[in-house]
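Notes follow the structure.
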Amino acid sequence: MLTIYNRNRKKTAVLHNAYDVSYEKPVNQIWKAGFFVPLNDPIVKKVNLMDYVEIKDTDGEYIGLYRILTRKTSLNSQGKYIKCECSHVLTTLMDSTIPGYKQTQRGWTTRAVIEWILSFQDVKNWKLG
């Protein structure tokens, strides 16, 4: 099942007609996903670039939360459709830059370093739990 969330992470749609859902979860790399939706599906209007899609496998296994990076309209023998390509939400950490060269002092804990890195986010997508 695919659930769409807007940029504020508010649920906007459930894609019942999505098909050919695929995902790759390589070790030590950014996970990727993709899916197709018929263009005549009224819900397709809710599928926007940079929105989020939560993917659950056919048996209900949680696959992950992804961000829609591309949305292309195409035509095949069955009609028009959109193809979406997604990247795992971990890539939102790359939305903001850390200016200049930075180095921490000795003795910082891992927690302190991660909090310091997260402080550079323009949009606060991540926080330590």
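Residues in the structure tokens are named by chain (A, B, ... in the order shown) and by number from 1 within that chain; ligands are numbered from 1 in the order shown.
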Closest-contact table, range 87-124 of chain A side, partner range 30-45 of chain A, 9 Å, counting only C-alpha atoms, as a tab-separated table:
residue	atom	partner	partner_atom	distance
A:Ser87	CA	A:Lys32	CA	4.6
A:His88	CA	A:Trp31	CA	5.3
A:Val89	CA	A:Trp31	CA	8.9
A:Leu90	CA	A:Ile30	CA	7.4
A:Thr91	CA	A:Ile30	CA	7.4
Produce a file of the selected residues containing C-alpha atoms, as a compact mmCIF listing (two decimals), in the first residue's frame.
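And here's selection_21.txt as it stands now:
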# COMPACT_ATOMS: atom_id res chain seq x y z
CA SER A 87 14.62 8.31 -2.64
CA HIS A 88 14.62 7.40 1.05
CA VAL A 89 13.89 10.30 3.42
CA LEU A 90 17.42 10.04 4.76
CA THR A 91 18.39 12.18 1.75
*Quick one: of A:Tyr19, A:Tyr52, A:Tyr101, A:Trp108, who's nearest to Lys83 in chain A, counting only C-alpha atoms?*
A:Tyr19
*Mind listing the alpha helix (DSSP H) residues of chain A, per DSSP on the backbone, as a PyMOL selection string?*
chain A and resi 110-118
Output file for the selection above: N, CA and C atoms, as a CSV table (one decimal), in the first residue's frame:
chain,number,residue,atom,x,y,z
A,110,THR,N,29.2,11.1,20.7
A,110,THR,CA,28.6,10.9,19.4
A,110,THR,C,27.3,11.7,19.4
A,111,ARG,N,26.5,11.6,20.5
A,111,ARG,CA,25.3,12.4,20.6
A,111,ARG,C,25.5,13.9,20.3
A,112,ALA,N,26.5,14.4,20.9
A,112,ALA,CA,26.8,15.9,20.8
A,112,ALA,C,27.1,16.2,19.3
A,113,VAL,N,27.9,15.3,18.7
A,113,VAL,CA,28.3,15.6,17.3
A,113,VAL,C,27.1,15.5,16.4
A,114,ILE,N,26.2,14.5,16.6
A,114,ILE,CA,25.0,14.4,15.8
A,114,ILE,C,24.1,15.6,16.0
A,115,GLU,N,23.9,16.0,17.2
A,115,GLU,CA,23.1,17.2,17.5
A,115,GLU,C,23.6,18.4,16.8
A,116,TRP,N,24.9,18.6,16.8
A,116,TRP,CA,25.6,19.7,16.2
A,116,TRP,C,25.4,19.7,14.7
A,117,ILE,N,25.5,18.5,14.1
A,117,ILE,CA,25.3,18.4,12.6
A,117,ILE,C,23.9,18.7,12.3
A,118,LEU,N,22.9,18.2,13.1
A,118,LEU,CA,21.5,18.4,12.8
A,118,LEU,C,21.1,19.9,13.0
*Within 7 Å of Ala13 in chain A using only C-alpha atoms, minus same-chain residues under 5 positions, as a list in words*: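 Listing them by chain and then by number gives Thr3, Ile4, Ile43 and Lys46 of chain A.
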Expected file contents, prior selection, C-alpha atoms, as a short mmCIF file (atom, residue, chain, number, x, y, z; two decimals), in the first residue's frame:
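Dumped to out.cif:
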data_model
loop_
_atom_site.label_atom_id
_atom_site.label_comp_id
_atom_site.auth_asym_id
_atom_site.auth_seq_id
_atom_site.Cartn_x
_atom_site.Cartn_y
_atom_site.Cartn_z
CA THR A 3 0.23 6.46 1.29
CA ILE A 4 1.04 10.02 0.19
CA ILE A 43 -5.87 10.63 -6.81
CA LYS A 46 -2.23 14.39 -4.96
#
*Long-range neighbours of Asn125 in chain A as a list in words, 8 Å cut-off, only C-alpha atoms, 4 positions minimum in chain*: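 Selected residues are Thr92, Leu93 and Gln121 of chain A.
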Just write the chosen residues, N, CA, C and O atoms, as a compact mmCIF listing (two decimals), in the first residue's frame.
# COMPACT_ATOMS: atom_id res chain seq x y z
N THR A 92 16.97 13.79 2.94
CA THR A 92 16.62 15.16 3.37
C THR A 92 17.75 15.78 4.19
O THR A 92 17.81 16.99 4.33
N LEU A 93 18.64 14.94 4.72
CA LEU A 93 19.80 15.49 5.43
C LEU A 93 20.71 16.26 4.50
O LEU A 93 21.51 17.09 4.94
N GLN A 121 20.41 22.16 9.88
CA GLN A 121 19.25 21.96 9.00
C GLN A 121 18.47 23.26 8.85
O GLN A 121 18.16 23.92 9.83
*Could you check how far CA of Tyr81 in chain A sits from CA of Asn8 in chain A, in Å to one decimal?*
26.2 Å
Write down as a short mmCIF file (atom, residue, chain, number, x, y, z; two decimals) with all heavy atoms, in the first residue's frame the residues of range 23-128 of chain A whose backbone DSSP state falls under strand (DSSP E or B).
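Once written, part_14.cif looks like this:
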data_model
loop_
_atom_site.label_atom_id
_atom_site.label_comp_id
_atom_site.auth_asym_id
_atom_site.auth_seq_id
_atom_site.Cartn_x
_atom_site.Cartn_y
_atom_site.Cartn_z
N TYR A 23 11.37 -1.38 -5.11
CA TYR A 23 12.27 -0.72 -4.16
C TYR A 23 13.57 -1.49 -4.07
O TYR A 23 13.63 -2.68 -4.32
CB TYR A 23 11.63 -0.57 -2.78
CG TYR A 23 11.10 -1.85 -2.19
CD1 TYR A 23 11.91 -2.69 -1.44
CD2 TYR A 23 9.77 -2.23 -2.39
CE1 TYR A 23 11.42 -3.87 -0.91
CE2 TYR A 23 9.27 -3.40 -1.86
CZ TYR A 23 10.10 -4.22 -1.11
OH TYR A 23 9.63 -5.39 -0.58
N GLU A 24 14.61 -0.74 -3.78
CA GLU A 24 15.94 -1.30 -3.58
C GLU A 24 16.43 -0.82 -2.23
O GLU A 24 16.33 0.37 -1.92
CB GLU A 24 16.91 -0.82 -4.66
CG GLU A 24 16.57 -1.25 -6.06
CD GLU A 24 17.53 -0.65 -7.08
OE1 GLU A 24 18.68 -0.32 -6.72
OE2 GLU A 24 17.11 -0.49 -8.23
N LYS A 32 16.11 3.34 -2.74
CA LYS A 32 15.32 3.95 -3.81
C LYS A 32 14.04 3.16 -4.00
O LYS A 32 13.98 1.97 -3.69
CB LYS A 32 16.11 3.96 -5.11
CG LYS A 32 17.36 4.82 -5.05
CD LYS A 32 18.12 4.79 -6.33
CE LYS A 32 19.37 5.65 -6.17
NZ LYS A 32 20.16 5.70 -7.37
N ALA A 33 13.03 3.83 -4.54
CA ALA A 33 11.75 3.18 -4.82
C ALA A 33 11.13 3.82 -6.05
O ALA A 33 11.54 4.90 -6.48
CB ALA A 33 10.81 3.31 -3.62
N GLY A 34 10.13 3.15 -6.60
CA GLY A 34 9.42 3.68 -7.74
C GLY A 34 8.06 3.03 -7.87
O GLY A 34 7.81 1.96 -7.30
N PHE A 35 7.18 3.69 -8.59
CA PHE A 35 5.83 3.15 -8.81
C PHE A 35 5.18 3.87 -9.98
O PHE A 35 5.65 4.93 -10.42
CB PHE A 35 4.97 3.26 -7.55
CG PHE A 35 4.77 4.67 -7.04
CD1 PHE A 35 3.70 5.44 -7.46
CD2 PHE A 35 5.66 5.21 -6.13
CE1 PHE A 35 3.51 6.73 -6.99
CE2 PHE A 35 5.49 6.50 -5.65
CZ PHE A 35 4.41 7.27 -6.07
N PHE A 36 4.11 3.27 -10.48
CA PHE A 36 3.33 3.82 -11.57
C PHE A 36 1.90 4.03 -11.09
O PHE A 36 1.39 3.26 -10.28
CB PHE A 36 3.31 2.85 -12.76
CG PHE A 36 4.66 2.63 -13.37
CD1 PHE A 36 5.52 1.67 -12.84
CD2 PHE A 36 5.05 3.34 -14.48
CE1 PHE A 36 6.77 1.44 -13.40
CE2 PHE A 36 6.30 3.12 -15.05
CZ PHE A 36 7.16 2.17 -14.51
N VAL A 37 1.25 5.07 -11.64
CA VAL A 37 -0.16 5.35 -11.34
C VAL A 37 -0.84 5.74 -12.65
O VAL A 37 -0.30 6.56 -13.40
CB VAL A 37 -0.32 6.50 -10.31
CG1 VAL A 37 -1.78 6.76 -10.01
CG2 VAL A 37 0.45 6.22 -9.05
N PRO A 38 -2.02 5.16 -12.95
CA PRO A 38 -2.74 5.57 -14.17
C PRO A 38 -3.07 7.06 -14.11
O PRO A 38 -3.48 7.58 -13.06
CB PRO A 38 -4.02 4.73 -14.12
CG PRO A 38 -3.75 3.62 -13.18
CD PRO A 38 -2.74 4.13 -12.20
N TYR A 52 5.97 13.04 0.22
CA TYR A 52 6.46 11.78 0.77
C TYR A 52 5.50 10.65 0.45
O TYR A 52 4.30 10.86 0.35
CB TYR A 52 6.62 11.90 2.29
CG TYR A 52 7.61 12.98 2.68
CD1 TYR A 52 7.18 14.27 2.97
CD2 TYR A 52 8.97 12.71 2.75
CE1 TYR A 52 8.08 15.26 3.33
CE2 TYR A 52 9.87 13.69 3.10
CZ TYR A 52 9.43 14.96 3.39
OH TYR A 52 10.32 15.94 3.73
N VAL A 53 6.06 9.45 0.31
CA VAL A 53 5.24 8.26 0.10
C VAL A 53 5.71 7.18 1.06
O VAL A 53 6.90 6.89 1.15
CB VAL A 53 5.26 7.79 -1.37
CG1 VAL A 53 6.67 7.46 -1.83
CG2 VAL A 53 4.35 6.59 -1.58
N GLU A 54 4.77 6.65 1.81
CA GLU A 54 5.06 5.55 2.72
C GLU A 54 4.71 4.26 1.99
O GLU A 54 3.61 4.12 1.46
CB GLU A 54 4.23 5.69 3.99
CG GLU A 54 4.46 4.59 5.00
CD GLU A 54 3.57 4.77 6.21
OE1 GLU A 54 2.34 4.72 6.04
OE2 GLU A 54 4.12 4.98 7.30
N ILE A 55 5.65 3.33 1.96
CA ILE A 55 5.46 2.09 1.23
C ILE A 55 5.36 0.93 2.20
O ILE A 55 6.22 0.76 3.07
CB ILE A 55 6.60 1.86 0.22
CG1 ILE A 55 6.69 3.03 -0.76
CG2 ILE A 55 6.41 0.53 -0.51
CD1 ILE A 55 7.85 2.94 -1.72
N LYS A 56 4.29 0.16 2.03
CA LYS A 56 4.13 -1.11 2.74
C LYS A 56 3.97 -2.18 1.68
O LYS A 56 3.26 -2.01 0.70
CB LYS A 56 2.91 -1.08 3.65
CG LYS A 56 3.08 -0.14 4.83
CD LYS A 56 1.90 -0.18 5.75
CE LYS A 56 2.09 0.80 6.88
NZ LYS A 56 0.89 0.91 7.70
N TYR A 62 6.39 -3.02 6.54
CA TYR A 62 6.77 -1.63 6.34
C TYR A 62 8.09 -1.59 5.58
O TYR A 62 9.09 -2.16 6.01
CB TYR A 62 6.91 -0.91 7.68
CG TYR A 62 7.27 0.53 7.57
CD1 TYR A 62 6.31 1.47 7.21
CD2 TYR A 62 8.57 0.96 7.80
CE1 TYR A 62 6.63 2.81 7.09
CE2 TYR A 62 8.89 2.30 7.70
CZ TYR A 62 7.93 3.22 7.34
OH TYR A 62 8.26 4.55 7.23
N ILE A 63 8.11 -0.90 4.44
CA ILE A 63 9.31 -0.79 3.61
C ILE A 63 10.06 0.50 3.93
O ILE A 63 11.27 0.51 4.03
CB ILE A 63 8.95 -0.85 2.11
CG1 ILE A 63 8.22 -2.16 1.79
CG2 ILE A 63 10.19 -0.67 1.25
CD1 ILE A 63 8.97 -3.41 2.15
N GLY A 64 9.33 1.59 4.10
CA GLY A 64 10.00 2.84 4.44
C GLY A 64 9.25 4.06 3.96
O GLY A 64 8.23 3.97 3.27
N LEU A 65 9.79 5.20 4.32
CA LEU A 65 9.25 6.49 3.91
C LEU A 65 10.21 7.09 2.89
O LEU A 65 11.43 7.16 3.13
CB LEU A 65 9.10 7.43 5.10
CG LEU A 65 8.42 8.76 4.86
CD1 LEU A 65 6.97 8.56 4.43
CD2 LEU A 65 8.47 9.63 6.11
N TYR A 66 9.67 7.49 1.76
CA TYR A 66 10.47 7.98 0.64
C TYR A 66 9.96 9.35 0.21
O TYR A 66 8.83 9.73 0.48
CB TYR A 66 10.38 7.01 -0.54
CG TYR A 66 11.00 5.66 -0.26
CD1 TYR A 66 10.32 4.70 0.48
CD2 TYR A 66 12.28 5.35 -0.72
CE1 TYR A 66 10.89 3.47 0.75
CE2 TYR A 66 12.86 4.12 -0.45
CZ TYR A 66 12.16 3.19 0.28
OH TYR A 66 12.72 1.97 0.56
N ARG A 67 10.82 10.07 -0.52
CA ARG A 67 10.43 11.36 -1.07
C ARG A 67 10.37 11.24 -2.58
O ARG A 67 11.25 10.65 -3.20
CB ARG A 67 11.44 12.43 -0.66
CG ARG A 67 11.01 13.81 -1.04
CD ARG A 67 11.74 14.90 -0.30
NE ARG A 67 13.17 14.82 -0.49
CZ ARG A 67 14.01 15.78 -0.16
NH1 ARG A 67 13.57 16.88 0.41
NH2 ARG A 67 15.30 15.64 -0.35
N ILE A 68 9.30 11.78 -3.18
CA ILE A 68 9.09 11.71 -4.63
C ILE A 68 10.02 12.72 -5.30
O ILE A 68 9.89 13.93 -5.09
CB ILE A 68 7.62 11.98 -4.99
CG1 ILE A 68 6.72 10.95 -4.32
CG2 ILE A 68 7.44 11.97 -6.51
CD1 ILE A 68 5.25 11.27 -4.39
N LEU A 69 10.96 12.21 -6.10
CA LEU A 69 11.94 13.08 -6.75
C LEU A 69 11.63 13.37 -8.21
O LEU A 69 11.95 14.45 -8.71
CB LEU A 69 13.34 12.46 -6.66
CG LEU A 69 13.88 12.26 -5.25
CD1 LEU A 69 15.27 11.64 -5.30
CD2 LEU A 69 13.91 13.57 -4.50
N THR A 70 11.04 12.40 -8.91
CA THR A 70 10.64 12.63 -10.29
C THR A 70 9.22 12.12 -10.51
O THR A 70 8.79 11.17 -9.86
CB THR A 70 11.57 11.93 -11.31
OG1 THR A 70 11.49 10.53 -11.13
CG2 THR A 70 13.01 12.40 -11.16
N ARG A 71 8.53 12.79 -11.41
CA ARG A 71 7.14 12.44 -11.76
C ARG A 71 7.01 12.67 -13.25
O ARG A 71 6.91 13.82 -13.69
CB ARG A 71 6.18 13.32 -10.97
CG ARG A 71 4.72 13.04 -11.20
CD ARG A 71 3.89 14.07 -10.41
NE ARG A 71 2.50 13.80 -10.42
CZ ARG A 71 1.64 14.21 -11.34
NH1 ARG A 71 2.06 14.93 -12.36
NH2 ARG A 71 0.37 13.90 -11.26
N LYS A 72 7.03 11.58 -14.03
CA LYS A 72 7.01 11.69 -15.48
C LYS A 72 5.73 11.09 -16.04
O LYS A 72 5.32 10.02 -15.64
CB LYS A 72 8.21 10.96 -16.08
CG LYS A 72 9.54 11.52 -15.65
CD LYS A 72 10.68 10.69 -16.21
CE LYS A 72 12.00 11.21 -15.68
NZ LYS A 72 13.13 10.35 -16.06
N THR A 73 5.13 11.79 -16.99
CA THR A 73 3.93 11.28 -17.67
C THR A 73 4.36 10.58 -18.96
O THR A 73 5.17 11.10 -19.71
CB THR A 73 2.97 12.44 -18.00
OG1 THR A 73 2.64 13.12 -16.80
CG2 THR A 73 1.71 11.93 -18.66
N SER A 74 3.81 9.39 -19.18
CA SER A 74 4.15 8.60 -20.37
C SER A 74 2.90 7.91 -20.90
O SER A 74 1.85 7.92 -20.28
CB SER A 74 5.20 7.55 -20.03
OG SER A 74 6.41 8.16 -19.64
N LEU A 75 3.07 7.27 -22.05
CA LEU A 75 1.98 6.56 -22.70
C LEU A 75 2.47 5.17 -23.08
O LEU A 75 3.57 5.00 -23.58
CB LEU A 75 1.54 7.32 -23.96
CG LEU A 75 0.46 6.69 -24.83
CD1 LEU A 75 -0.86 6.65 -24.09
CD2 LEU A 75 0.32 7.46 -26.13
N ASN A 76 1.62 4.16 -22.79
CA ASN A 76 1.92 2.80 -23.26
C ASN A 76 0.65 2.21 -23.85
O ASN A 76 -0.35 2.91 -24.01
CB ASN A 76 2.50 1.93 -22.14
CG ASN A 76 1.53 1.65 -21.01
OD1 ASN A 76 0.33 1.92 -21.10
ND2 ASN A 76 2.05 1.12 -19.92
N GLY A 79 -2.53 2.92 -21.89
CA GLY A 79 -2.97 4.30 -21.70
C GLY A 79 -1.89 5.15 -21.05
O GLY A 79 -0.73 4.74 -20.92
N LYS A 80 -2.28 6.33 -20.62
CA LYS A 80 -1.33 7.25 -20.00
C LYS A 80 -1.14 6.90 -18.52
O LYS A 80 -2.08 6.46 -17.86
CB LYS A 80 -1.82 8.70 -20.12
CG LYS A 80 -1.74 9.24 -21.52
CD LYS A 80 -2.10 10.72 -21.54
CE LYS A 80 -1.94 11.28 -22.93
NZ LYS A 80 -2.24 12.71 -22.98
N TYR A 81 0.05 7.13 -18.04
CA TYR A 81 0.37 6.86 -16.65
C TYR A 81 1.46 7.82 -16.19
O TYR A 81 2.11 8.47 -17.01
CB TYR A 81 0.83 5.41 -16.46
CG TYR A 81 2.10 5.09 -17.20
CD1 TYR A 81 3.34 5.26 -16.59
CD2 TYR A 81 2.08 4.63 -18.51
CE1 TYR A 81 4.52 4.98 -17.27
CE2 TYR A 81 3.24 4.35 -19.19
CZ TYR A 81 4.46 4.52 -18.56
OH TYR A 81 5.62 4.25 -19.24
N ILE A 82 1.65 7.91 -14.90
CA ILE A 82 2.80 8.65 -14.38
C ILE A 82 3.73 7.65 -13.71
O ILE A 82 3.30 6.67 -13.12
CB ILE A 82 2.44 9.79 -13.41
CG1 ILE A 82 1.78 9.26 -12.14
CG2 ILE A 82 1.57 10.82 -14.06
CD1 ILE A 82 1.84 10.25 -11.01
N LYS A 83 5.00 7.92 -13.87
CA LYS A 83 6.03 7.10 -13.23
C LYS A 83 6.72 7.99 -12.20
O LYS A 83 7.18 9.09 -12.52
CB LYS A 83 7.04 6.62 -14.26
CG LYS A 83 8.19 5.85 -13.65
CD LYS A 83 9.22 5.46 -14.69
CE LYS A 83 10.37 4.71 -14.04
NZ LYS A 83 11.44 4.40 -14.99
N CYS A 84 6.77 7.51 -10.97
CA CYS A 84 7.42 8.25 -9.90
C CYS A 84 8.66 7.51 -9.43
O CYS A 84 8.63 6.30 -9.25
CB CYS A 84 6.47 8.43 -8.72
SG CYS A 84 5.07 9.47 -9.09
N GLU A 85 9.74 8.25 -9.26
CA GLU A 85 10.96 7.71 -8.69
C GLU A 85 11.22 8.41 -7.38
O GLU A 85 11.06 9.64 -7.28
CB GLU A 85 12.12 7.90 -9.67
CG GLU A 85 11.94 7.10 -10.94
CD GLU A 85 13.02 7.35 -11.97
OE1 GLU A 85 13.77 8.33 -11.83
OE2 GLU A 85 13.09 6.57 -12.93
N CYS A 86 11.60 7.63 -6.38
CA CYS A 86 11.70 8.15 -5.02
C CYS A 86 13.04 7.79 -4.40
O CYS A 86 13.68 6.82 -4.79
CB CYS A 86 10.59 7.55 -4.16
SG CYS A 86 8.96 7.66 -4.89
N SER A 87 13.41 8.56 -3.40
CA SER A 87 14.62 8.31 -2.64
C SER A 87 14.25 8.31 -1.16
O SER A 87 13.35 9.06 -0.74
CB SER A 87 15.63 9.41 -2.94
OG SER A 87 16.85 9.14 -2.32
N HIS A 88 14.93 7.51 -0.37
CA HIS A 88 14.62 7.40 1.05
C HIS A 88 14.73 8.77 1.72
O HIS A 88 15.55 9.60 1.34
CB HIS A 88 15.57 6.41 1.73
CG HIS A 88 15.13 6.03 3.10
ND1 HIS A 88 15.53 6.73 4.21
CD2 HIS A 88 14.31 5.05 3.53
CE1 HIS A 88 14.97 6.19 5.28
NE2 HIS A 88 14.23 5.16 4.89
#
_Between CA of Lys102 in chain A and CA of Lys124 in chain A - distance in Å to one decimal_ =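 Separation of CA of Lys124 in chain A and CA of Lys102 in chain A: 20.0 Å.
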